[in-house]
$ cat model.pdb   # PDB, C-alpha atoms and all ligand atoms
MODEL        1
ATOM      1  CA  MET A 231      42.152  58.148  79.585
ATOM      2  CA  SER A 232      42.202  59.079  75.912
ATOM      3  CA  VAL A 233      45.231  60.577  74.215
ATOM      4  CA  PRO A 234      45.076  62.970  71.228
ATOM      5  CA  THR A 235      46.465  61.706  67.911
ATOM      6  CA  ASP A 236      49.016  64.530  67.649
ATOM      7  CA  LEU A 237      51.316  63.301  70.411
ATOM      8  CA  LYS A 238      53.951  66.014  69.958
ATOM      9  CA  ALA A 239      51.345  68.769  70.353
ATOM     10  CA  TRP A 240      49.895  66.946  73.363
ATOM     11  CA  ILE A 241      53.282  66.750  75.121
ATOM     12  CA  GLU A 242      54.041  70.384  74.266
ATOM     13  CA  GLN A 243      50.726  71.460  75.800
ATOM     14  CA  ILE A 244      51.353  69.414  78.939
ATOM     15  CA  LEU A 245      54.860  70.793  79.406
ATOM     16  CA  CYS A 246      53.696  74.342  78.743
ATOM     17  CA  ARG A 247      50.993  73.980  81.392
ATOM     18  CA  LEU A 248      53.313  72.290  83.904
ATOM     19  CA  VAL A 249      55.745  75.190  83.629
ATOM     20  CA  GLN A 250      53.478  78.179  83.263
ATOM     21  CA  GLU A 251      50.899  77.162  85.897
ATOM     22  CA  ALA A 252      53.441  76.039  88.496
ATOM     23  CA  PRO A 253      53.633  78.354  91.537
ATOM     24  CA  GLU A 254      57.405  77.696  91.546
ATOM     25  CA  ASN A 255      57.591  79.512  88.207
ATOM     26  CA  ARG A 256      56.968  82.804  90.013
ATOM     27  CA  LEU A 257      59.490  84.818  91.981
ATOM     28  CA  PRO A 258      57.800  86.554  94.922
ATOM     29  CA  ASP A 259      61.012  88.468  95.683
ATOM     30  CA  PHE A 260      60.830  90.074  92.230
ATOM     31  CA  GLY A 261      57.173  91.085  91.964
ATOM     32  CA  GLY A 262      55.984  87.567  91.083
ATOM     33  CA  GLN A 263      57.644  87.649  87.666
ATOM     34  CA  PRO A 264      57.968  84.283  85.852
ATOM     35  CA  ILE A 265      61.193  82.336  85.515
ATOM     36  CA  PHE A 266      60.556  80.516  82.240
ATOM     37  CA  GLY A 267      58.716  81.091  78.989
ATOM     38  CA  ALA A 268      57.138  78.323  76.871
ATOM     39  CA  PRO A 269      59.331  75.195  76.582
ATOM     40  CA  LEU A 270      60.905  73.853  73.423
ATOM     41  CA  VAL A 271      60.349  70.101  72.995
ATOM     42  CA  GLY A 272      62.342  67.485  71.050
ATOM     43  CA  VAL A 273      62.097  63.699  70.921
ATOM     44  CA  ALA A 274      64.941  61.188  70.515
ATOM     45  CA  ASP A 275      64.638  57.570  69.429
ATOM     46  CA  GLY A 276      65.765  55.683  72.547
ATOM     47  CA  ASP A 277      67.562  53.118  70.369
ATOM     48  CA  ASP A 278      69.534  55.797  68.498
ATOM     49  CA  PRO A 279      73.210  54.632  68.351
ATOM     50  CA  LEU A 280      74.136  58.058  69.699
ATOM     51  CA  PHE A 281      73.272  56.843  73.194
ATOM     52  CA  GLU A 282      76.002  54.188  72.902
ATOM     53  CA  GLU A 283      78.391  56.948  71.805
ATOM     54  CA  PHE A 284      77.565  58.898  74.966
ATOM     55  CA  ARG A 285      79.273  56.072  76.869
ATOM     56  CA  HIS A 286      82.519  57.344  75.310
ATOM     57  CA  ALA A 287      81.724  61.054  75.098
ATOM     58  CA  VAL A 288      80.233  61.428  78.595
ATOM     59  CA  SER A 289      80.911  58.359  80.743
ATOM     60  CA  PRO A 290      80.964  54.539  80.449
ATOM     61  CA  ARG A 291      78.234  54.725  83.114
ATOM     62  CA  HIS A 292      75.870  56.738  80.889
ATOM     63  CA  LEU A 293      72.473  54.992  80.912
ATOM     64  CA  LEU A 294      70.802  53.682  77.776
ATOM     65  CA  PRO A 295      67.126  54.692  77.420
ATOM     66  CA  ARG A 296      65.858  51.129  76.862
ATOM     67  CA  GLN A 297      67.884  49.916  79.839
ATOM     68  CA  VAL A 298      66.564  52.635  82.139
ATOM     69  CA  LEU A 299      62.948  52.060  81.110
ATOM     70  CA  TRP A 300      63.312  48.328  81.651
ATOM     71  CA  LEU A 301      64.970  48.831  85.062
ATOM     72  CA  TYR A 302      62.313  51.056  86.501
ATOM     73  CA  VAL A 303      59.056  50.218  84.879
ATOM     74  CA  ARG A 304      59.035  46.436  85.266
ATOM     75  CA  ALA A 305      56.675  46.014  82.349
ATOM     76  CA  ASP A 306      55.474  42.492  81.523
ATOM     77  CA  ALA A 307      56.954  42.772  78.054
ATOM     78  CA  GLU A 308      59.884  44.778  76.786
ATOM     79  CA  PRO A 309      58.638  48.045  75.270
ATOM     80  CA  VAL A 310      58.298  48.018  71.479
ATOM     81  CA  GLN A 311      59.525  51.572  71.009
ATOM     82  CA  VAL A 312      61.487  53.707  73.430
ATOM     83  CA  ARG A 313      61.478  57.475  73.156
ATOM     84  CA  VAL A 314      63.192  60.225  75.099
ATOM     85  CA  ILE A 315      61.180  63.398  75.450
ATOM     86  CA  ALA A 316      63.594  66.295  76.042
ATOM     87  CA  TRP A 317      62.828  69.929  76.727
ATOM     88  CA  ALA A 318      64.509  73.302  77.065
ATOM     89  CA  LEU A 319      62.983  75.803  79.501
ATOM     90  CA  PRO A 320      64.025  79.322  78.450
ATOM     91  CA  PHE A 321      64.704  81.974  81.091
ATOM     92  CA  THR A 322      62.725  85.142  80.393
ATOM     93  CA  GLN A 323      64.383  88.071  78.703
ATOM     94  CA  ALA A 324      64.222  90.093  81.963
ATOM     95  CA  ILE A 325      66.231  87.399  83.754
ATOM     96  CA  ARG A 326      68.729  87.055  80.910
ATOM     97  CA  ARG A 327      69.180  90.826  80.717
ATOM     98  CA  SER A 328      69.792  91.068  84.460
ATOM     99  CA  ASN A 329      72.824  88.795  84.025
ATOM    100  CA  ARG A 330      74.572  90.857  81.369
ATOM    101  CA  GLY A 331      76.748  92.707  83.905
ATOM    102  CA  GLU A 332      80.331  91.846  84.726
ATOM    103  CA  GLY A 333      82.106  90.175  87.603
ATOM    104  CA  TRP A 334      79.308  88.302  89.388
ATOM    105  CA  PRO A 335      75.934  86.851  88.369
ATOM    106  CA  SER A 336      72.880  88.962  89.183
ATOM    107  CA  ARG A 337      70.684  88.361  92.212
ATOM    108  CA  LEU A 338      67.660  87.858  89.944
ATOM    109  CA  TYR A 339      69.449  85.319  87.751
ATOM    110  CA  SER A 340      70.798  83.489  90.802
ATOM    111  CA  LEU A 341      67.348  83.062  92.332
ATOM    112  CA  ALA A 342      65.780  82.120  88.984
ATOM    113  CA  ARG A 343      68.469  79.504  88.364
ATOM    114  CA  CYS A 344      68.006  77.971  91.805
ATOM    115  CA  ASN A 345      64.200  77.904  91.777
ATOM    116  CA  GLY A 346      64.109  77.014  88.064
ATOM    117  CA  GLY A 347      66.152  73.913  88.866
ATOM    118  CA  ALA A 348      63.647  72.884  91.540
ATOM    119  CA  LEU A 349      60.764  73.540  89.148
ATOM    120  CA  ASN A 350      62.470  71.449  86.457
ATOM    121  CA  HIS A 351      62.623  68.495  88.863
ATOM    122  CA  GLY A 352      58.886  68.954  89.457
ATOM    123  CA  VAL A 353      58.261  68.981  85.705
ATOM    124  CA  ARG A 354      60.131  65.668  85.343
ATOM    125  CA  ARG A 355      58.070  64.123  88.159
ATOM    126  CA  ARG A 356      54.729  65.452  86.902
ATOM    127  CA  LEU A 357      55.222  64.519  83.245
ATOM    128  CA  THR A 358      56.223  61.000  84.326
ATOM    129  CA  ARG A 359      53.059  60.720  86.417
ATOM    130  CA  ILE A 360      50.801  61.987  83.600
ATOM    131  CA  LEU A 361      52.263  59.515  81.085
ATOM    132  CA  ARG A 362      51.786  56.653  83.541
ATOM    133  CA  GLU A 363      48.190  57.729  84.240
ATOM    134  CA  HIS A 364      47.574  57.403  80.497
ATOM    135  CA  GLY A 365      48.961  53.860  80.485
ATOM    136  CA  TYR A 366      52.491  54.494  79.249
ATOM    137  CA  ALA A 367      55.752  53.504  80.878
ATOM    138  CA  ALA A 368      57.751  56.568  81.881
ATOM    139  CA  VAL A 369      60.799  57.386  83.968
ATOM    140  CA  ALA A 370      62.988  60.460  84.465
ATOM    141  CA  PRO A 371      66.564  59.087  84.700
ATOM    142  CA  VAL A 372      67.811  62.046  86.749
ATOM    143  CA  LEU A 373      65.303  61.198  89.488
ATOM    144  CA  THR A 374      66.319  57.546  89.787
ATOM    145  CA  GLU A 375      68.863  55.963  92.100
ATOM    146  CA  HIS A 376      70.917  55.060  89.014
ATOM    147  CA  TYR A 377      71.627  58.707  88.346
ATOM    148  CA  ASP A 378      74.978  59.955  89.578
ATOM    149  CA  ALA A 379      77.241  62.932  88.981
ATOM    150  CA  PHE A 380      80.909  62.458  89.679
ATOM    151  CA  ARG A 381      84.465  63.472  88.884
ATOM    152  CA  SER A 382      86.144  61.691  86.031
ATOM    153  CA  PRO A 383      89.850  61.692  85.084
ATOM    154  CA  GLU A 384      88.955  61.990  81.410
ATOM    155  CA  HIS A 385      86.037  64.439  81.485
ATOM    156  CA  ILE A 386      86.743  66.254  84.825
ATOM    157  CA  PHE A 387      83.021  66.221  85.694
ATOM    158  CA  SER A 388      80.667  63.597  84.384
ATOM    159  CA  SER A 389      77.305  61.946  85.009
ATOM    160  CA  SER A 390      75.258  58.885  84.165
ATOM    161  CA  TRP A 391      72.661  60.991  82.305
ATOM    162  CA  SER A 392      73.690  64.193  80.582
ATOM    163  CA  GLU A 393      70.642  66.344  79.839
ATOM    164  CA  ARG A 394      72.752  68.376  77.388
ATOM    165  CA  HIS A 395      73.724  65.327  75.359
ATOM    166  CA  VAL A 396      70.195  63.927  75.476
ATOM    167  CA  ALA A 397      68.836  67.260  74.223
ATOM    168  CA  PHE A 398      71.391  67.142  71.399
ATOM    169  CA  ALA A 399      70.104  63.665  70.452
ATOM    170  CA  ALA A 400      66.540  65.006  70.520
ATOM    171  CA  GLY A 401      67.376  67.671  67.934
ATOM    172  CA  LEU A 402      67.360  70.600  70.362
ATOM    173  CA  GLY A 403      70.766  72.044  69.510
ATOM    174  CA  GLN A 404      74.545  71.805  69.194
ATOM    175  CA  PHE A 405      77.378  72.540  71.614
ATOM    176  CA  GLY A 406      78.923  76.002  71.584
ATOM    177  CA  LEU A 407      82.399  77.245  72.492
ATOM    178  CA  ASN A 408      81.313  77.854  76.109
ATOM    179  CA  GLY A 409      80.181  74.224  76.465
ATOM    180  CA  SER A 410      76.466  75.096  76.522
ATOM    181  CA  LEU A 411      73.908  73.653  74.168
ATOM    182  CA  ILE A 412      72.839  76.340  71.694
ATOM    183  CA  THR A 413      69.124  75.760  71.129
ATOM    184  CA  PRO A 414      66.766  77.780  68.913
ATOM    185  CA  LEU A 415      65.847  79.567  72.184
ATOM    186  CA  GLY A 416      69.500  80.182  72.991
ATOM    187  CA  THR A 417      71.818  78.802  75.676
ATOM    188  CA  THR A 418      70.141  80.371  78.711
ATOM    189  CA  VAL A 419      67.829  77.443  79.301
ATOM    190  CA  ARG A 420      67.303  74.581  81.727
ATOM    191  CA  LEU A 421      67.150  71.107  80.172
ATOM    192  CA  GLY A 422      65.196  68.037  81.223
ATOM    193  CA  SER A 423      64.020  64.670  79.901
ATOM    194  CA  VAL A 424      61.788  61.649  80.446
ATOM    195  CA  VAL A 425      62.124  58.177  78.875
ATOM    196  CA  THR A 426      58.865  56.570  77.773
ATOM    197  CA  ASP A 427      57.235  54.018  75.481
ATOM    198  CA  LEU A 428      54.764  56.625  74.177
ATOM    199  CA  PRO A 429      54.790  56.047  70.380
ATOM    200  CA  ILE A 430      55.681  59.652  69.556
ATOM    201  CA  THR A 431      57.686  60.441  66.419
ATOM    202  CA  ALA A 432      61.366  61.239  66.956
ATOM    203  CA  THR A 433      62.426  64.761  65.965
ATOM    204  CA  PRO A 434      64.704  64.798  62.893
ATOM    205  CA  ARG A 435      68.073  66.354  63.691
ATOM    206  CA  THR A 436      68.854  69.207  61.333
ATOM    207  CA  TYR A 437      72.596  68.864  62.007
ATOM    208  CA  GLU A 438      75.217  66.128  61.906
ATOM    209  CA  ASP A 439      78.097  67.644  63.861
ATOM    210  CA  TYR A 440      77.733  67.914  67.643
ATOM    211  CA  ARG A 441      79.655  71.184  67.500
ATOM    212  CA  ALA A 442      77.967  74.503  66.737
ATOM    213  CA  PRO A 443      79.836  76.582  64.144
ATOM    214  CA  CYS A 444      81.572  78.644  66.862
ATOM    215  CA  LEU A 445      83.203  75.539  68.329
ATOM    216  CA  ARG A 446      84.260  74.247  64.924
ATOM    217  CA  LEU A 447      85.777  77.650  64.089
ATOM    218  CA  ASN A 448      87.337  78.277  67.523
ATOM    219  CA  GLY A 449      84.931  81.087  68.280
ATOM    220  CA  GLU A 450      85.406  82.967  64.993
ATOM    221  CA  PRO A 451      83.780  85.331  64.195
ATOM    222  CA  CYS A 452      82.101  85.538  67.617
ATOM    223  CA  GLY A 453      84.108  84.439  70.682
ATOM    224  CA  LEU A 454      82.237  86.857  72.952
ATOM    225  CA  CYS A 455      81.831  84.254  75.690
ATOM    226  CA  VAL A 456      85.649  84.200  75.972
ATOM    227  CA  GLU A 457      85.561  87.884  76.910
ATOM    228  CA  ARG A 458      82.533  87.510  79.189
ATOM    229  CA  CYS A 459      84.027  84.840  81.458
ATOM    230  CA  PRO A 460      85.528  86.559  84.522
ATOM    231  CA  VAL A 461      87.965  83.731  85.290
ATOM    232  CA  GLY A 462      89.286  82.901  81.825
ATOM    233  CA  ALA A 463      87.600  79.489  81.754
ATOM    234  CA  ILE A 464      86.836  79.743  78.015
ATOM    235  CA  SER A 465      89.466  79.889  75.324
ATOM    236  CA  ARG A 466      89.315  79.659  71.561
ATOM    237  CA  SER A 467      89.627  75.909  71.960
ATOM    238  CA  GLY A 468      86.759  75.445  74.424
ATOM    239  CA  LEU A 469      85.821  75.307  78.112
ATOM    240  CA  ASP A 470      88.096  74.599  81.082
ATOM    241  CA  LYS A 471      85.625  72.839  83.384
ATOM    242  CA  SER A 472      87.875  73.085  86.447
ATOM    243  CA  LYS A 473      88.146  76.886  86.243
ATOM    244  CA  CYS A 474      84.402  77.151  85.693
ATOM    245  CA  TYR A 475      83.784  74.972  88.742
ATOM    246  CA  GLN A 476      86.050  77.194  90.868
ATOM    247  CA  MET A 477      83.994  80.218  89.829
ATOM    248  CA  ARG A 478      80.764  78.473  90.792
ATOM    249  CA  ARG A 479      82.311  77.646  94.184
ATOM    250  CA  ALA A 480      83.282  81.302  94.585
ATOM    251  CA  VAL A 481      79.708  82.412  93.761
ATOM    252  CA  ARG A 482      78.399  79.995  96.335
ATOM    253  CA  ASP A 483      80.867  81.136  99.012
ATOM    254  CA  ARG A 484      80.124  84.793  98.374
ATOM    255  CA  PHE A 485      76.339  84.788  98.065
ATOM    256  CA  MET A 486      74.747  81.634  99.466
ATOM    257  CA  ASP A 487      74.488  82.777 103.055
ATOM    258  CA  THR A 488      72.919  86.150 102.178
ATOM    259  CA  TYR A 489      70.589  84.815  99.514
ATOM    260  CA  SER A 490      69.357  81.872 101.549
ATOM    261  CA  ARG A 491      68.441  84.252 104.378
ATOM    262  CA  SER A 492      66.917  87.028 102.274
ATOM    263  CA  LEU A 493      65.277  85.297  99.293
ATOM    264  CA  HIS A 494      62.592  82.620  98.863
ATOM    265  CA  MET A 495      64.930  79.940  97.538
ATOM    266  CA  LEU A 496      63.711  76.430  96.708
ATOM    267  CA  PRO A 497      65.943  73.406  97.316
ATOM    268  CA  ALA A 498      66.280  70.581  94.801
ATOM    269  CA  PRO A 499      67.925  67.146  94.956
ATOM    270  CA  VAL A 500      71.606  67.296  94.077
ATOM    271  CA  VAL A 501      73.622  64.116  93.503
ATOM    272  CA  LYS A 502      77.382  64.019  94.068
ATOM    273  CA  SER A 503      79.284  60.736  93.881
ATOM    274  CA  GLY A 504      76.310  58.686  95.005
ATOM    275  CA  GLU A 505      75.238  61.070  97.792
ATOM    276  CA  ARG A 506      71.830  62.690  97.316
ATOM    277  CA  VAL A 507      71.010  65.846  99.247
ATOM    278  CA  ASP A 508      68.421  68.584  98.910
ATOM    279  CA  GLU A 509      70.166  71.915  98.545
ATOM    280  CA  TYR A 510      70.035  75.359  96.980
ATOM    281  CA  SER A 511      72.033  75.772  93.830
ATOM    282  CA  LEU A 512      73.843  78.833  92.525
ATOM    283  CA  GLY A 513      75.688  79.217  89.242
ATOM    284  CA  CYS A 514      77.281  81.807  87.005
ATOM    285  CA  ALA A 515      76.223  81.775  83.315
ATOM    286  CA  LEU A 516      77.840  85.151  82.582
ATOM    287  CA  CYS A 517      79.121  83.508  79.386
ATOM    288  CA  GLN A 518      75.529  82.758  78.317
ATOM    289  CA  CYS A 519      74.176  86.289  78.816
ATOM    290  CA  GLY A 520      75.012  89.377  76.775
ATOM    291  CA  VAL A 521      76.266  87.139  73.963
ATOM    292  CA  PRO A 522      74.775  86.392  70.529
ATOM    293  CA  CYS A 523      73.611  82.902  71.552
ATOM    294  CA  GLU A 524      71.844  84.149  74.699
ATOM    295  CA  GLY A 525      68.308  83.824  73.342
ATOM    296  CA  GLY A 526      68.591  82.235  69.899
ATOM    297  CA  TYR A 527      70.904  80.893  67.197
ATOM    298  CA  PRO A 528      73.982  83.140  66.995
ATOM    299  CA  ALA A 529      74.016  83.231  63.209
ATOM    300  CA  VAL A 530      70.566  84.811  63.244
ATOM    301  CA  LEU A 531      71.511  87.282  65.947
ATOM    302  CA  LEU A 532      74.839  88.203  64.383
ATOM    303  CA  LYS A 533      73.084  88.865  61.084
ATOM    304  CA  GLU A 534      70.500  91.078  62.817
ATOM    305  CA  LYS A 535      73.287  92.929  64.635
ATOM    306  CA  ALA A 536      75.117  93.596  61.360
ATOM    307  CA  GLU A 537      71.901  94.796  59.706
ATOM    308  CA  ASN A 538      71.107  97.179  62.593
ATOM    309  CA  ALA A 539      74.656  98.562  62.842
TER
HETATM  310  S1  LIG A 601      79.121  83.533  72.675
HETATM  311 FE1  LIG A 601      79.606  83.177  70.524
HETATM  312  S2  LIG A 601      81.414  81.837  70.562
HETATM  313 FE2  LIG A 601      80.510  81.761  72.599
HETATM  314  S3  LIG A 601      79.131  79.973  72.558
HETATM  315 FE3  LIG A 601      77.896  81.772  72.008
HETATM  316  S4  LIG A 601      77.957  81.869  69.756
HETATM  317 FE4  LIG A 601      79.610  80.510  70.438
HETATM  318  S1  LIG A 602      79.694  79.764  83.791
HETATM  319 FE1  LIG A 602      80.905  81.534  84.480
HETATM  320  S2  LIG A 602      82.894  80.694  85.068
HETATM  321 FE2  LIG A 602      81.850  79.143  83.832
HETATM  322  S3  LIG A 602      82.597  79.509  81.776
HETATM  323 FE3  LIG A 602      80.682  80.647  81.979
HETATM  324  S4  LIG A 602      81.317  82.702  82.635
HETATM  325 FE4  LIG A 602      83.069  81.329  82.948
ENDMDL
END

$ encode --input "model.pdb" --output "structure tokens" --more "lines below"
Ligand code: SF4
Ligand code: SF4
Amino acid sequence: MSVPTDLKAWIEQILCRLVQEAPENRLPDFGGQPIFGAPLVGVADGDDPLFEEFRHAVSPRHLLPRQVLWLYVRADAEPVQVRVIAWALPFTQAIRRSNRGEGWPSRLYSLARCNGGALNHGVRRRLTRILREHGYAAVAPVLTEHYDAFRSPEHIFSSSWSERHVAFAAGLGQFGLNGSLITPLGTTVRLGSVVTDLPITATPRTYEDYRAPCLRLNGEPCGLCVERCPVGAISRSGLDKSKCYQMRRAVRDRFMDTYSRSLHMLPAPVVKSGERVDEYSLGCALCQCGVPCEGGYPAVLLKEKAENA
């Protein structure tokens, strides 16, 4: 099968189609409205030294792209170039807006987050298959048996493949005060990635620091996510992952039974300390909605807000 010369545009088209044409991207409980808009795509060089650094920043078990491709593809020869295609799937404005209330995440956001996670797994699987059909090696680390998510004394929660860190390496954004990756489409996104030997050009990173300005400046002059968090999990010095986890447990305890009986929820594989189960997932994200980084770079939004005041 032939491949166009503009590989970035080709991958963007594929991802756009995989998201927008997927039946899972529609919410029958909310009039069939979509979950995600068009994805943002970045590409990391799989041999970027940053991936070694992730073994300190995330976990000593964090996989290296070349290692993971070699483990799963069993090519006759080691791949010449290794690339990591990363994407951000942005929740629609209607979904983001629905989650701007206080106290608990909205029903619409909760369903979109759950089904969007299942869809994102499907996107990983389908992009991998398409690349292989075109003769390239491809693997989605999160879908392999080497992927694990676990507790860590140093990082509280950790994993062997952090989609946030991979997206950072692929030029998709920097980390904000609330711990989310602030992409040009904002923080209210789902992230995914596939490792491949497709000879696509790596995206130049337009930043050097992993921290977005709000993390470097302890939330000044924004800090709105600190106020938005109902359990005080965010302070001027960053995110308390344990408090955030307790809130997510509380959301699950309060809503899972009702939602799973009344809504068309889709399960997705969840990995916890080596155990893999298919389950529904609920989250919070109140700190990502109703804030300047919700749907774009905060500097841009703060400037617009000042101009419209
Ligand atoms: S709400 Fe403001 S301080 Fe918090 S992550 Fe977004 S831009 Fe940073
Ligand atoms: S996800 Fe919820 S609990 Fe966690 S930091 Fe954001 S607002 Fe707080």

$ residues_around --input "model.pdb" --residues "Leu454 of chain A" --least-positions-apart "4" --cutoff "8 Å" --atoms "all atoms listed in the file" --output "PyMOL selection string"
chain A and resi 449+458+517+521-522

$ closest_residue --input "model.pdb" --among "A:Glu308, A:Glu524, A:Asp259, A:Glu505" --to "Ser492 of chain A" --atoms "only C-alpha atoms"
A:Asp259

$ resolve_selection --input "model.pdb" --expression "the PyMOL selection byres (((not hetatm)) within 12 of (chain A and resi 602))" --output "PyMOL selection string"
chain A and resi 329-336+340+406-410+417-418+454-465+468-481+512-521+524

$ closest_residue --input "model.pdb" --among "A:Leu299, A:Leu361, A:Ala529, A:His385" --to "His286 of chain A" --atoms "only C-alpha atoms"
A:His385

$ axis_aligned_box --input "model.pdb" --around "ligand LIG 601 (chain A)" --padding-each-side "4 Å" --output "AutoDock Vina command-line options"
--center_x 79.7 --center_y 81.8 --center_z 71.2 --size_x 11.5 --size_y 11.6 --size_z 10.9

$ residues_around --input "model.pdb" --residues "segment 263-280 of chain A" --least-positions-apart "4" --cutoff "8 Å" --atoms "all atoms listed in the file" --output "ChimeraX atom specification"
/A:242,245-246,249-250,255-258,284,294-296,311-322,325,342,346,396-397,399-402,415,425,430-433

$ atom_distance --input "model.pdb" --atom1 "atom CA of Arg356 of chain A" --atom2 "atom CA of Met231 of chain A"
16.3 Å

$ atom_distance --input "model.pdb" --atom1 "atom CA of Glu384 of chain A" --atom2 "atom CA of Phe281 of chain A"
18.4 Å

$ atom_distance --input "model.pdb" --atom1 "atom CA of Gly416 of chain A" --atom2 "atom CA of Arg381 of chain A"
27.5 Å

$ closest_residue --input "model.pdb" --among "A:Leu338, A:Ala442, A:Ile244, A:Ala379" --to "ligand LIG 601 (chain A)" --atoms "only C-alpha atoms and all ligand atoms"
A:Ala442

$ residues_around --input "model.pdb" --residues "Gly347 of chain A" --least-positions-apart "3" --cutoff "9 Å" --atoms "only C-alpha atoms" --output "PyMOL selection string"
chain A and resi 342-344+350-352+420+496-498+511

$ resolve_selection --input "model.pdb" --expression "the PyMOL selection byres (((chain A and resi 288) around 12) and not hetatm)" --output "ChimeraX atom specification"
/A:280-287,289-293,379-396

$ resolve_selection --input "model.pdb" --expression "the PyMOL selection byres (((chain A and resi 370) around 9) and not hetatm)" --output "ChimeraX atom specification"
/A:298,354-355,357-358,368-369,371-374,422-426

$ write_last_selection --input "model.pdb" --atoms "C-alpha atoms" --output "PDB file, in the frame of the given file"
ATOM      1  CA  VAL A 298      66.564  52.635  82.139  1.00  0.00           C
ATOM      2  CA  ARG A 354      60.131  65.668  85.343  1.00  0.00           C
ATOM      3  CA  ARG A 355      58.070  64.123  88.159  1.00  0.00           C
ATOM      4  CA  LEU A 357      55.222  64.519  83.245  1.00  0.00           C
ATOM      5  CA  THR A 358      56.223  61.000  84.326  1.00  0.00           C
ATOM      6  CA  ALA A 368      57.751  56.568  81.881  1.00  0.00           C
ATOM      7  CA  VAL A 369      60.799  57.386  83.968  1.00  0.00           C
ATOM      8  CA  PRO A 371      66.564  59.087  84.700  1.00  0.00           C
ATOM      9  CA  VAL A 372      67.811  62.046  86.749  1.00  0.00           C
ATOM     10  CA  LEU A 373      65.303  61.198  89.488  1.00  0.00           C
ATOM     11  CA  THR A 374      66.319  57.546  89.787  1.00  0.00           C
ATOM     12  CA  GLY A 422      65.196  68.037  81.223  1.00  0.00           C
ATOM     13  CA  SER A 423      64.020  64.670  79.901  1.00  0.00           C
ATOM     14  CA  VAL A 424      61.788  61.649  80.446  1.00  0.00           C
ATOM     15  CA  VAL A 425      62.124  58.177  78.875  1.00  0.00           C
ATOM     16  CA  THR A 426      58.865  56.570  77.773  1.00  0.00           C
TER      17      THR A 426
END

$ closest_residue --input "model.pdb" --among "A:Leu421, A:Met486, A:Leu411, A:Leu349" --to "ligand LIG 601 (chain A)" --atoms "only C-alpha atoms and all ligand atoms"
A:Leu411

$ closest_residue --input "model.pdb" --among "A:Lys502, A:His494, A:Arg466, A:Arg362" --to "ligand LIG 601 (chain A)" --atoms "only C-alpha atoms and all ligand atoms"
A:Arg466

$ residues_around --input "model.pdb" --residues "Ser232 of chain A" --least-positions-apart "5" --cutoff "12 Å" --atoms "all atoms listed in the file" --output "PDB file with C-alpha atoms, keeping the file's coordinate frame"
ATOM      1  CA  LEU A 237      51.316  63.301  70.411  1.00  0.00           C
ATOM      2  CA  TRP A 240      49.895  66.946  73.363  1.00  0.00           C
ATOM      3  CA  ILE A 360      50.801  61.987  83.600  1.00  0.00           C
ATOM      4  CA  LEU A 361      52.263  59.515  81.085  1.00  0.00           C
ATOM      5  CA  GLU A 363      48.190  57.729  84.240  1.00  0.00           C
ATOM      6  CA  HIS A 364      47.574  57.403  80.497  1.00  0.00           C
ATOM      7  CA  GLY A 365      48.961  53.860  80.485  1.00  0.00           C
ATOM      8  CA  TYR A 366      52.491  54.494  79.249  1.00  0.00           C
TER       9      TYR A 366
END
